[in-house]
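Reproduced below: start-v1.cif, with mmCIF, C-alpha atoms and all ligand atoms.
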```cif
data_structure
loop_
_atom_site.group_PDB
_atom_site.id
_atom_site.type_symbol
_atom_site.label_atom_id
_atom_site.label_comp_id
_atom_site.auth_asym_id
_atom_site.auth_seq_id
_atom_site.Cartn_x
_atom_site.Cartn_y
_atom_site.Cartn_z
ATOM 1 C CA MET A 17 117.392 124.848 88.489
ATOM 2 C CA SER A 18 114.505 122.432 88.950
ATOM 3 C CA GLU A 19 114.693 119.100 90.718
ATOM 4 C CA LEU A 20 115.470 115.973 88.723
ATOM 5 C CA LEU A 21 114.331 113.544 91.405
ATOM 6 C CA THR A 22 111.911 114.333 94.204
ATOM 7 C CA VAL A 23 110.889 111.867 96.851
ATOM 8 C CA SER A 24 108.178 113.271 99.078
ATOM 9 C CA GLY A 25 106.644 111.666 102.127
ATOM 10 C CA LEU A 26 107.441 108.198 100.820
ATOM 11 C CA THR A 27 106.119 105.540 103.154
ATOM 12 C CA VAL A 28 106.702 101.912 102.262
ATOM 13 C CA THR A 29 105.523 98.807 104.101
ATOM 14 C CA ALA A 30 106.362 95.106 103.871
ATOM 15 C CA ARG A 31 103.607 92.582 104.486
ATOM 16 C CA LEU A 32 104.844 89.771 106.653
ATOM 17 C CA ALA A 33 102.954 86.663 107.695
ATOM 18 C CA ALA A 34 102.193 87.974 111.165
ATOM 19 C CA ASP A 35 102.355 91.725 110.767
ATOM 20 C CA ASP A 36 103.212 94.690 108.566
ATOM 21 C CA LEU A 37 106.681 96.184 108.802
ATOM 22 C CA ARG A 38 107.335 99.818 107.897
ATOM 23 C CA LEU A 39 110.497 99.996 105.799
ATOM 24 C CA LEU A 40 110.395 103.688 104.844
ATOM 25 C CA ASP A 41 108.654 106.352 106.886
ATOM 26 C CA ALA A 42 107.810 109.704 105.253
ATOM 27 C CA VAL A 43 111.100 109.944 103.335
ATOM 28 C CA ASP A 44 111.851 113.278 101.616
ATOM 29 C CA LEU A 45 114.714 113.723 99.184
ATOM 30 C CA GLU A 46 115.666 116.039 96.327
ATOM 31 C CA LEU A 47 118.308 115.791 93.652
ATOM 32 C CA ARG A 48 119.178 118.089 90.782
ATOM 33 C CA ALA A 49 120.869 117.240 87.485
ATOM 34 C CA GLY A 50 124.643 117.307 87.815
ATOM 35 C CA GLN A 51 124.487 116.541 91.534
ATOM 36 C CA ILE A 52 125.423 113.500 93.580
ATOM 37 C CA ILE A 53 123.424 112.616 96.655
ATOM 38 C CA GLY A 54 124.869 110.093 99.084
ATOM 39 C CA VAL A 55 122.303 108.018 100.937
ATOM 40 C CA VAL A 56 124.122 106.795 104.037
ATOM 41 C CA GLY A 57 123.186 104.931 107.184
ATOM 42 C CA GLU A 58 123.733 101.717 109.059
ATOM 43 C CA SER A 59 122.778 98.319 107.722
ATOM 44 C CA GLY A 60 119.020 97.877 107.678
ATOM 45 C CA SER A 61 118.272 101.626 107.722
ATOM 46 C CA GLY A 62 116.332 101.424 104.425
ATOM 47 C CA LYS A 63 118.874 102.653 101.851
ATOM 48 C CA THR A 64 118.366 99.802 99.397
ATOM 49 C CA THR A 65 114.591 99.944 99.826
ATOM 50 C CA LEU A 66 114.678 103.624 98.854
ATOM 51 C CA ALA A 67 116.914 102.934 95.832
ATOM 52 C CA ARG A 68 114.680 100.058 94.703
ATOM 53 C CA ALA A 69 111.531 102.145 95.147
ATOM 54 C CA VAL A 70 112.873 104.755 92.699
ATOM 55 C CA VAL A 71 113.323 102.123 89.981
ATOM 56 C CA GLY A 72 110.202 100.121 90.828
ATOM 57 C CA LEU A 73 112.111 97.059 91.969
ATOM 58 C CA LEU A 74 110.506 96.604 95.376
ATOM 59 C CA GLU A 75 109.906 93.018 96.358
ATOM 60 C CA ARG A 76 106.467 91.501 95.895
ATOM 61 C CA ASN A 77 105.496 91.806 99.545
ATOM 62 C CA VAL A 78 106.402 95.508 99.671
ATOM 63 C CA ARG A 79 104.055 98.339 98.734
ATOM 64 C CA VAL A 80 104.003 102.118 98.672
ATOM 65 C CA ASP A 81 101.455 103.410 101.218
ATOM 66 C CA GLN A 82 101.924 107.164 101.009
ATOM 67 C CA GLY A 83 103.926 109.824 99.212
ATOM 68 C CA ALA A 84 105.348 110.009 95.712
ATOM 69 C CA ILE A 85 108.487 109.852 93.593
ATOM 70 C CA THR A 86 108.745 112.228 90.663
ATOM 71 C CA LEU A 87 111.360 112.287 87.924
ATOM 72 C CA ALA A 88 111.699 115.538 85.978
ATOM 73 C CA GLY A 89 108.286 116.587 87.268
ATOM 74 C CA GLN A 90 106.479 113.361 86.280
ATOM 75 C CA THR A 91 105.065 111.136 89.005
ATOM 76 C CA VAL A 92 106.535 107.677 88.558
ATOM 77 C CA VAL A 93 105.661 106.110 91.925
ATOM 78 C CA ALA A 94 102.728 106.768 94.266
ATOM 79 C CA PRO A 95 100.235 104.531 96.099
ATOM 80 C CA GLY A 96 98.733 102.328 93.382
ATOM 81 C CA VAL A 97 100.901 103.995 90.701
ATOM 82 C CA ASP A 98 104.011 102.442 89.167
ATOM 83 C CA ARG A 99 105.271 103.982 85.932
ATOM 84 C CA THR A 100 108.853 102.893 86.507
ATOM 85 C CA ASP A 101 108.871 100.484 83.557
ATOM 86 C CA ARG A 102 108.927 103.577 81.311
ATOM 87 C CA ILE A 103 112.075 104.930 82.916
ATOM 88 C CA ARG A 104 114.021 101.872 84.110
ATOM 89 C CA GLY A 105 117.081 101.294 81.932
ATOM 90 C CA SER A 106 116.327 104.355 79.816
ATOM 91 C CA ALA A 107 115.892 107.566 81.849
ATOM 92 C CA VAL A 108 117.254 105.818 84.940
ATOM 93 C CA GLY A 109 120.305 103.551 84.951
ATOM 94 C CA MET A 110 121.251 101.205 87.767
ATOM 95 C CA VAL A 111 124.515 99.824 89.117
ATOM 96 C CA PHE A 112 124.539 97.259 91.902
ATOM 97 C CA GLN A 113 127.119 96.159 94.459
ATOM 98 C CA ASP A 114 127.987 93.055 92.591
ATOM 99 C CA ALA A 115 128.787 93.551 88.896
ATOM 100 C CA SER A 116 127.365 90.071 88.330
ATOM 101 C CA ARG A 117 123.924 91.463 89.174
ATOM 102 C CA SER A 118 124.337 94.235 86.606
ATOM 103 C CA LEU A 119 126.067 92.120 83.946
ATOM 104 C CA ASN A 120 124.927 88.833 82.472
ATOM 105 C CA PRO A 121 127.775 86.311 83.026
ATOM 106 C CA LEU A 122 126.790 84.337 79.914
ATOM 107 C CA MET A 123 127.036 87.213 77.442
ATOM 108 C CA LYS A 124 129.949 89.210 76.092
ATOM 109 C CA VAL A 125 129.988 92.888 77.069
ATOM 110 C CA ARG A 126 129.403 93.791 73.398
ATOM 111 C CA THR A 127 126.167 91.779 73.231
ATOM 112 C CA GLN A 128 124.883 93.281 76.494
ATOM 113 C CA LEU A 129 125.508 96.853 75.396
ATOM 114 C CA ALA A 130 123.902 96.128 72.011
ATOM 115 C CA GLU A 131 120.845 94.580 73.679
ATOM 116 C CA VAL A 132 120.295 97.602 75.939
ATOM 117 C CA LEU A 133 120.775 100.059 73.078
ATOM 118 C CA ARG A 134 118.373 98.150 70.771
ATOM 119 C CA ARG A 135 115.758 97.977 73.524
ATOM 120 C CA HIS A 136 115.847 101.691 74.252
ATOM 121 C CA VAL A 137 116.950 103.464 71.078
ATOM 122 C CA ARG A 138 114.440 103.079 68.283
ATOM 123 C CA ASP A 139 115.782 102.060 64.842
ATOM 124 C CA ILE A 140 119.404 102.199 65.951
ATOM 125 C CA THR A 141 121.771 100.902 63.256
ATOM 126 C CA ARG A 142 124.500 98.300 63.776
ATOM 127 C CA ALA A 143 127.149 100.922 63.106
ATOM 128 C CA GLU A 144 125.621 103.248 65.703
ATOM 129 C CA VAL A 145 125.462 100.428 68.258
ATOM 130 C CA GLU A 146 129.155 99.773 67.732
ATOM 131 C CA ARG A 147 130.038 103.477 67.845
ATOM 132 C CA ARG A 148 128.127 104.108 71.068
ATOM 133 C CA SER A 149 129.463 100.929 72.702
ATOM 134 C CA VAL A 150 133.066 101.956 72.066
ATOM 135 C CA GLU A 151 132.273 105.539 73.066
ATOM 136 C CA VAL A 152 130.749 104.566 76.399
ATOM 137 C CA LEU A 153 133.670 102.317 77.329
ATOM 138 C CA ALA A 154 136.043 105.157 76.461
ATOM 139 C CA GLN A 155 133.961 107.388 78.752
ATOM 140 C CA MET A 156 134.548 104.730 81.432
ATOM 141 C CA ARG A 157 138.279 105.396 80.910
ATOM 142 C CA ILE A 158 138.726 101.900 79.513
ATOM 143 C CA THR A 159 141.842 102.078 77.330
ATOM 144 C CA ASP A 160 141.227 98.917 75.282
ATOM 145 C CA PRO A 161 137.480 98.990 74.560
ATOM 146 C CA THR A 162 137.624 96.336 71.816
ATOM 147 C CA ARG A 163 139.103 93.730 74.157
ATOM 148 C CA VAL A 164 136.522 94.538 76.821
ATOM 149 C CA LEU A 165 133.679 94.396 74.283
ATOM 150 C CA ASP A 166 134.840 90.947 73.200
ATOM 151 C CA SER A 167 135.124 89.648 76.789
ATOM 152 C CA TYR A 168 132.746 87.797 79.053
ATOM 153 C CA PRO A 169 132.437 89.456 82.476
ATOM 154 C CA HIS A 170 134.510 86.724 84.200
ATOM 155 C CA GLN A 171 137.431 87.479 81.874
ATOM 156 C CA LEU A 172 137.705 91.012 83.306
ATOM 157 C CA SER A 173 139.209 92.243 86.584
ATOM 158 C CA GLY A 174 136.777 93.380 89.288
ATOM 159 C CA GLY A 175 137.443 97.053 88.528
ATOM 160 C CA LEU A 176 136.971 96.630 84.776
ATOM 161 C CA ARG A 177 133.810 94.607 85.365
ATOM 162 C CA GLN A 178 132.344 97.377 87.484
ATOM 163 C CA ARG A 179 133.338 99.975 84.836
ATOM 164 C CA ALA A 180 131.623 97.880 82.181
ATOM 165 C CA ALA A 181 128.551 97.658 84.458
ATOM 166 C CA ILE A 182 128.529 101.445 84.851
ATOM 167 C CA GLY A 183 128.906 101.753 81.075
ATOM 168 C CA LEU A 184 125.864 99.522 80.638
ATOM 169 C CA ALA A 185 123.929 101.772 83.022
ATOM 170 C CA VAL A 186 124.804 105.003 81.208
ATOM 171 C CA VAL A 187 124.915 103.892 77.549
ATOM 172 C CA THR A 188 121.270 104.972 77.088
ATOM 173 C CA ARG A 189 122.222 108.438 78.410
ATOM 174 C CA PRO A 190 119.944 108.366 81.449
ATOM 175 C CA ALA A 191 119.163 111.505 83.417
ATOM 176 C CA LEU A 192 119.556 109.652 86.721
ATOM 177 C CA VAL A 193 121.794 106.806 87.884
ATOM 178 C CA ILE A 194 121.118 104.764 91.003
ATOM 179 C CA ALA A 195 124.230 103.104 92.416
ATOM 180 C CA ASP A 196 123.665 100.768 95.350
ATOM 181 C CA GLU A 197 126.853 99.908 97.292
ATOM 182 C CA CYS A 198 128.507 99.523 93.909
ATOM 183 C CA THR A 199 132.047 100.029 95.218
ATOM 184 C CA THR A 200 131.722 97.935 98.377
ATOM 185 C CA ALA A 201 133.110 94.725 96.867
ATOM 186 C CA LEU A 202 136.158 96.497 95.373
ATOM 187 C CA ASP A 203 139.589 97.002 96.940
ATOM 188 C CA VAL A 204 140.338 100.528 98.138
ATOM 189 C CA THR A 205 142.415 101.609 95.122
ATOM 190 C CA THR A 206 139.819 100.374 92.630
ATOM 191 C CA GLN A 207 137.093 101.931 94.762
ATOM 192 C CA THR A 208 138.813 105.320 94.567
ATOM 193 C CA LYS A 209 139.070 105.050 90.770
ATOM 194 C CA VAL A 210 135.388 104.175 90.412
ATOM 195 C CA VAL A 211 134.417 107.091 92.663
ATOM 196 C CA GLU A 212 136.566 109.460 90.561
ATOM 197 C CA LEU A 213 134.924 108.069 87.448
ATOM 198 C CA PHE A 214 131.465 108.772 88.854
ATOM 199 C CA ARG A 215 132.423 112.367 89.654
ATOM 200 C CA THR A 216 133.731 112.879 86.114
ATOM 201 C CA LEU A 217 130.624 111.304 84.555
ATOM 202 C CA VAL A 218 128.291 113.472 86.588
ATOM 203 C CA ASP A 219 130.268 116.602 85.699
ATOM 204 C CA GLU A 220 130.642 115.703 82.000
ATOM 205 C CA LEU A 221 127.191 114.285 81.316
ATOM 206 C CA GLY A 222 125.163 116.323 83.797
ATOM 207 C CA ILE A 223 123.403 113.247 85.167
ATOM 208 C CA GLY A 224 122.086 113.038 88.710
ATOM 209 C CA LEU A 225 123.557 110.261 90.844
ATOM 210 C CA LEU A 226 121.926 108.668 93.859
ATOM 211 C CA PHE A 227 124.793 106.871 95.556
ATOM 212 C CA VAL A 228 123.869 104.426 98.299
ATOM 213 C CA THR A 229 126.675 103.577 100.700
ATOM 214 C CA HIS A 230 127.185 102.591 104.314
ATOM 215 C CA ASP A 231 130.567 104.352 104.062
ATOM 216 C CA LEU A 232 130.220 107.953 105.223
ATOM 217 C CA MET A 233 133.884 108.662 104.437
ATOM 218 C CA LEU A 234 133.376 107.618 100.825
ATOM 219 C CA ALA A 235 130.216 109.714 100.627
ATOM 220 C CA SER A 236 132.112 112.719 101.968
ATOM 221 C CA ASP A 237 134.682 112.377 99.149
ATOM 222 C CA LEU A 238 132.125 112.045 96.378
ATOM 223 C CA CYS A 239 128.812 113.643 97.205
ATOM 224 C CA ASP A 240 127.382 117.170 96.952
ATOM 225 C CA ARG A 241 124.486 116.301 99.228
ATOM 226 C CA ILE A 242 124.014 113.702 101.904
ATOM 227 C CA ALA A 243 120.878 112.073 103.276
ATOM 228 C CA VAL A 244 121.410 110.173 106.511
ATOM 229 C CA MET A 245 118.968 107.322 107.080
ATOM 230 C CA SER A 246 118.072 105.552 110.290
ATOM 231 C CA ARG A 247 115.246 103.057 110.782
ATOM 232 C CA GLY A 248 113.525 103.903 107.543
ATOM 233 C CA ARG A 249 113.656 107.668 108.019
ATOM 234 C CA VAL A 250 115.868 110.413 106.621
ATOM 235 C CA VAL A 251 117.092 111.942 109.860
ATOM 236 C CA GLU A 252 119.346 114.551 108.250
ATOM 237 C CA HIS A 253 119.562 115.862 104.693
ATOM 238 C CA GLY A 254 121.609 118.721 103.283
ATOM 239 C CA ASP A 255 124.806 119.868 101.595
ATOM 240 C CA ALA A 256 127.575 117.352 102.257
ATOM 241 C CA ASP A 257 129.848 119.958 103.879
ATOM 242 C CA GLN A 258 127.112 121.116 106.193
ATOM 243 C CA VAL A 259 126.035 117.604 107.232
ATOM 244 C CA LEU A 260 129.626 116.529 107.824
ATOM 245 C CA GLU A 261 130.966 119.695 109.456
ATOM 246 C CA GLN A 262 127.904 120.656 111.473
ATOM 247 C CA PRO A 263 125.743 117.587 111.953
ATOM 248 C CA GLN A 264 122.448 118.515 113.540
ATOM 249 C CA GLN A 265 121.473 115.054 114.673
ATOM 250 C CA GLU A 266 123.004 112.895 117.354
ATOM 251 C CA TYR A 267 122.717 109.876 115.036
ATOM 252 C CA THR A 268 124.902 111.587 112.393
ATOM 253 C CA ARG A 269 127.418 112.604 115.057
ATOM 254 C CA ARG A 270 127.659 108.964 116.146
ATOM 255 C CA LEU A 271 128.186 107.791 112.552
ATOM 256 C CA LEU A 272 130.960 110.370 112.144
ATOM 257 C CA ALA A 273 132.551 109.463 115.470
ATOM 258 C CA ALA A 274 132.734 105.843 114.297
ATOM 259 C CA ILE A 275 135.122 106.837 111.461
ATOM 260 C CA PRO A 276 138.619 106.412 112.939
ATOM 261 C CA SER A 277 140.291 109.114 110.801
ATOM 262 C CA TRP A 278 137.497 111.687 111.211
ATOM 263 C CA SER A 279 138.484 114.728 113.242
HETATM 264 N N1 LIG B 301 110.779 92.443 101.272
HETATM 265 C C1 LIG B 301 111.027 92.643 102.563
HETATM 266 N N2 LIG B 301 110.268 92.048 103.523
HETATM 267 C C2 LIG B 301 110.518 92.257 104.822
HETATM 268 N N3 LIG B 301 111.499 93.059 105.287
HETATM 269 C C3 LIG B 301 112.289 93.662 104.398
HETATM 270 C C4 LIG B 301 112.096 93.489 102.994
HETATM 271 N N4 LIG B 301 113.028 94.235 102.347
HETATM 272 C C5 LIG B 301 113.771 94.825 103.310
HETATM 273 N N5 LIG B 301 113.330 94.484 104.538
HETATM 274 C C6 LIG B 301 113.860 94.964 105.822
HETATM 275 O O1 LIG B 301 113.868 96.369 105.775
HETATM 276 C C7 LIG B 301 114.996 96.897 106.458
HETATM 277 C C8 LIG B 301 115.737 97.823 105.537
HETATM 278 O O2 LIG B 301 116.379 97.052 104.537
HETATM 279 P P1 LIG B 301 117.319 97.711 103.437
HETATM 280 O O3 LIG B 301 117.908 96.585 102.629
HETATM 281 O O4 LIG B 301 116.594 98.749 102.725
HETATM 282 O O5 LIG B 301 118.447 98.371 104.344
HETATM 283 P P2 LIG B 301 119.903 98.912 103.963
HETATM 284 O O6 LIG B 301 120.073 100.184 104.696
HETATM 285 O O7 LIG B 301 120.059 98.916 102.489
HETATM 286 O O8 LIG B 301 120.834 97.799 104.576
HETATM 287 P P3 LIG B 301 122.212 97.194 104.017
HETATM 288 O O9 LIG B 301 123.223 98.311 104.128
HETATM 289 O O10 LIG B 301 122.498 96.068 104.950
HETATM 290 O O11 LIG B 301 121.960 96.748 102.609
HETATM 291 C C9 LIG B 301 115.800 95.699 106.922
HETATM 292 O O12 LIG B 301 115.483 95.442 108.273
HETATM 293 C C10 LIG B 301 115.323 94.586 106.038
HETATM 294 O O13 LIG B 301 115.415 93.341 106.681
#
```

Could you show the structure in this file as structure tokens?
Ligand SMILES: Nc1ncnc2c1ncn2[C@@H]1O[C@H](COP(=O)(O)OP(=O)(O)OP(=O)(O)O)[C@@H](O)[C@H]1O
Amino acid sequence: MSELLTVSGLTVTARLAADDLRLLDAVDLELRAGQIIGVVGESGSGKTTLARAVVGLLERNVRVDQGAITLAGQTVVAPGVDRTDRIRGSAVGMVFQDASRSLNPLMKVRTQLAEVLRRHVRDITRAEVERRSVEVLAQMRITDPTRVLDSYPHQLSGGLRQRAAIGLAVVTRPALVIADECTTALDVTTQTKVVELFRTLVDELGIGLLFVTHDLMLASDLCDRIAVMSRGRVVEHGDADQVLEQPQQEYTRRLLAAIPSWS
């Protein structure tokens, strides 16, 4: 099977008033369709920068110096190259920590799903918009899709809001989903349900999921592969079982030792 997402030698720098700051240093990563990769590491290790680089949402003072990101064999990011506007929201869906960053608080869920579908699916009919909106909420295991479609985000519970946000990310049937700390703000029970939902979606739809989390325990429950980041570098990268059972790097061993229930 060929790689869906390949990050090779990605080096990213922020320009600051006084100096340049390297945010990512020769990062390598691979992900196949139907797989989940957990990008883990302490705060400030570069996880969000990596996730944002894949979707071309780096801040204005940040640039790609070396390396490349390819999606299904096509280069989308390289020094001086940014083709992410062709894939963002269509081939690649995004879910953020805070559903309010994924969802527009001023629009009903129905309107938001319709807007995304109309933007990305040429000549889609009203009936098809409605059918796919209901279908995607059902895929999110939402039992009363009509109520959710007719709600504003603030009228939904945190868990339902995040499910609606995931629905918005996958309604265009992307090949890849980037989820950045998207369960962090949820209570543990809701977090578990969202993680189970992700596993089901990946298995059912065959998408690739890049799941950014500082929570190694959560990553161990969900992910097939794990990339451990420290100071802008991927220090360890491999099958989740292998990384967790036989960590090669001292940094990974320290992260594991910090989990109270890990033995
Ligand atoms: N635009 C920027 N300009 C300057 N420094 C930045 C910029 N964006 C990120 N950084 C710095 O790069 C480092 C990595 O940040 P990043 O948000 O990628 O880390 P992270 O692993 O996602 O952390 P967290 O888990 O806290 O979100 C941090 O030290 C951050 O302050």

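Shortest atom-to-atom contact with ligand LIG 301 (chain B) among A:Arg215, A:Arg76, A:Arg48, A:Arg163: A:Arg76, counting all atoms listed in the file.
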
| request: Give me the residues within 6 Å of Gln113 of chain A as a PyMOL selection string, counting all atoms listed in the file and dropping any in the same chain fewer than 5 places off. | output: chain A and resi 196-198

Around all the atoms of segment 151-166 of chain A listed in the file, with 5 Å of room on each side, what axis-aligned box do you get, giving centre and edge lengths in Å to one decimal, as JSON?
```
{"center_x": 136.3, "center_y": 99.2, "center_z": 76.6, "size_x": 21.1, "size_y": 26.4, "size_z": 19.6}
```

Do you know which residues are at most 10 Å from Glu151 of chain A counting all atoms listed in the file, after dropping those on the same chain fewer than 6 positions away, and could you put them as a compact mmCIF listing (two decimals) with C-alpha atoms, in the frame of the given file?
```
# COMPACT_ATOMS: atom_id res chain seq x y z
CA VAL A 145 125.46 100.43 68.26
CA ARG A 157 138.28 105.40 80.91
CA ILE A 158 138.73 101.90 79.51
CA PRO A 161 137.48 98.99 74.56
CA GLY A 183 128.91 101.75 81.08
CA VAL A 187 124.92 103.89 77.55
```

Min atom-atom distance to Val125 of chain A from the set A:Val150, A:Val93, A:Val228, A:Val210, counting all atoms listed in the file, belongs to A:Val150

Kindly provide the residues of chain A that approach ligand LIG 301 (chain B) to within 6 Å, each paired with its closest atom pair and their distance in Å to one decimal, based on all atoms listed in the file, listed by chain and increasing number, as JSON lines.
```
{"residue": "A:Ala30", "atom": "CA", "partner": "B:LIG301", "partner_atom": "N2", "distance": 5.0}
{"residue": "A:Leu39", "atom": "CA", "partner": "B:LIG301", "partner_atom": "O1", "distance": 5.0}
{"residue": "A:Glu58", "atom": "CA", "partner": "B:LIG301", "partner_atom": "O6", "distance": 5.9}
{"residue": "A:Ser59", "atom": "CA", "partner": "B:LIG301", "partner_atom": "O10", "distance": 3.6}
{"residue": "A:Gly60", "atom": "CA", "partner": "B:LIG301", "partner_atom": "O5", "distance": 3.4}
{"residue": "A:Ser61", "atom": "CA", "partner": "B:LIG301", "partner_atom": "O6", "distance": 3.8}
{"residue": "A:Gly62", "atom": "CA", "partner": "B:LIG301", "partner_atom": "O4", "distance": 3.2}
{"residue": "A:Lys63", "atom": "CA", "partner": "B:LIG301", "partner_atom": "O6", "distance": 4.0}
{"residue": "A:Thr64", "atom": "CA", "partner": "B:LIG301", "partner_atom": "O7", "distance": 3.6}
{"residue": "A:Thr65", "atom": "CA", "partner": "B:LIG301", "partner_atom": "O4", "distance": 3.7}
{"residue": "A:Glu75", "atom": "CA", "partner": "B:LIG301", "partner_atom": "N1", "distance": 5.0}
{"residue": "A:Asn77", "atom": "CA", "partner": "B:LIG301", "partner_atom": "N1", "distance": 5.6}
{"residue": "A:Val78", "atom": "CA", "partner": "B:LIG301", "partner_atom": "N1", "distance": 5.6}
{"residue": "A:His230", "atom": "CA", "partner": "B:LIG301", "partner_atom": "O9", "distance": 5.8}
```

Closest of A:Arg99, A:Val186, A:Ser118, A:Ala42 to Leu133 of chain A, counting all atoms listed in the file, is A:Val186
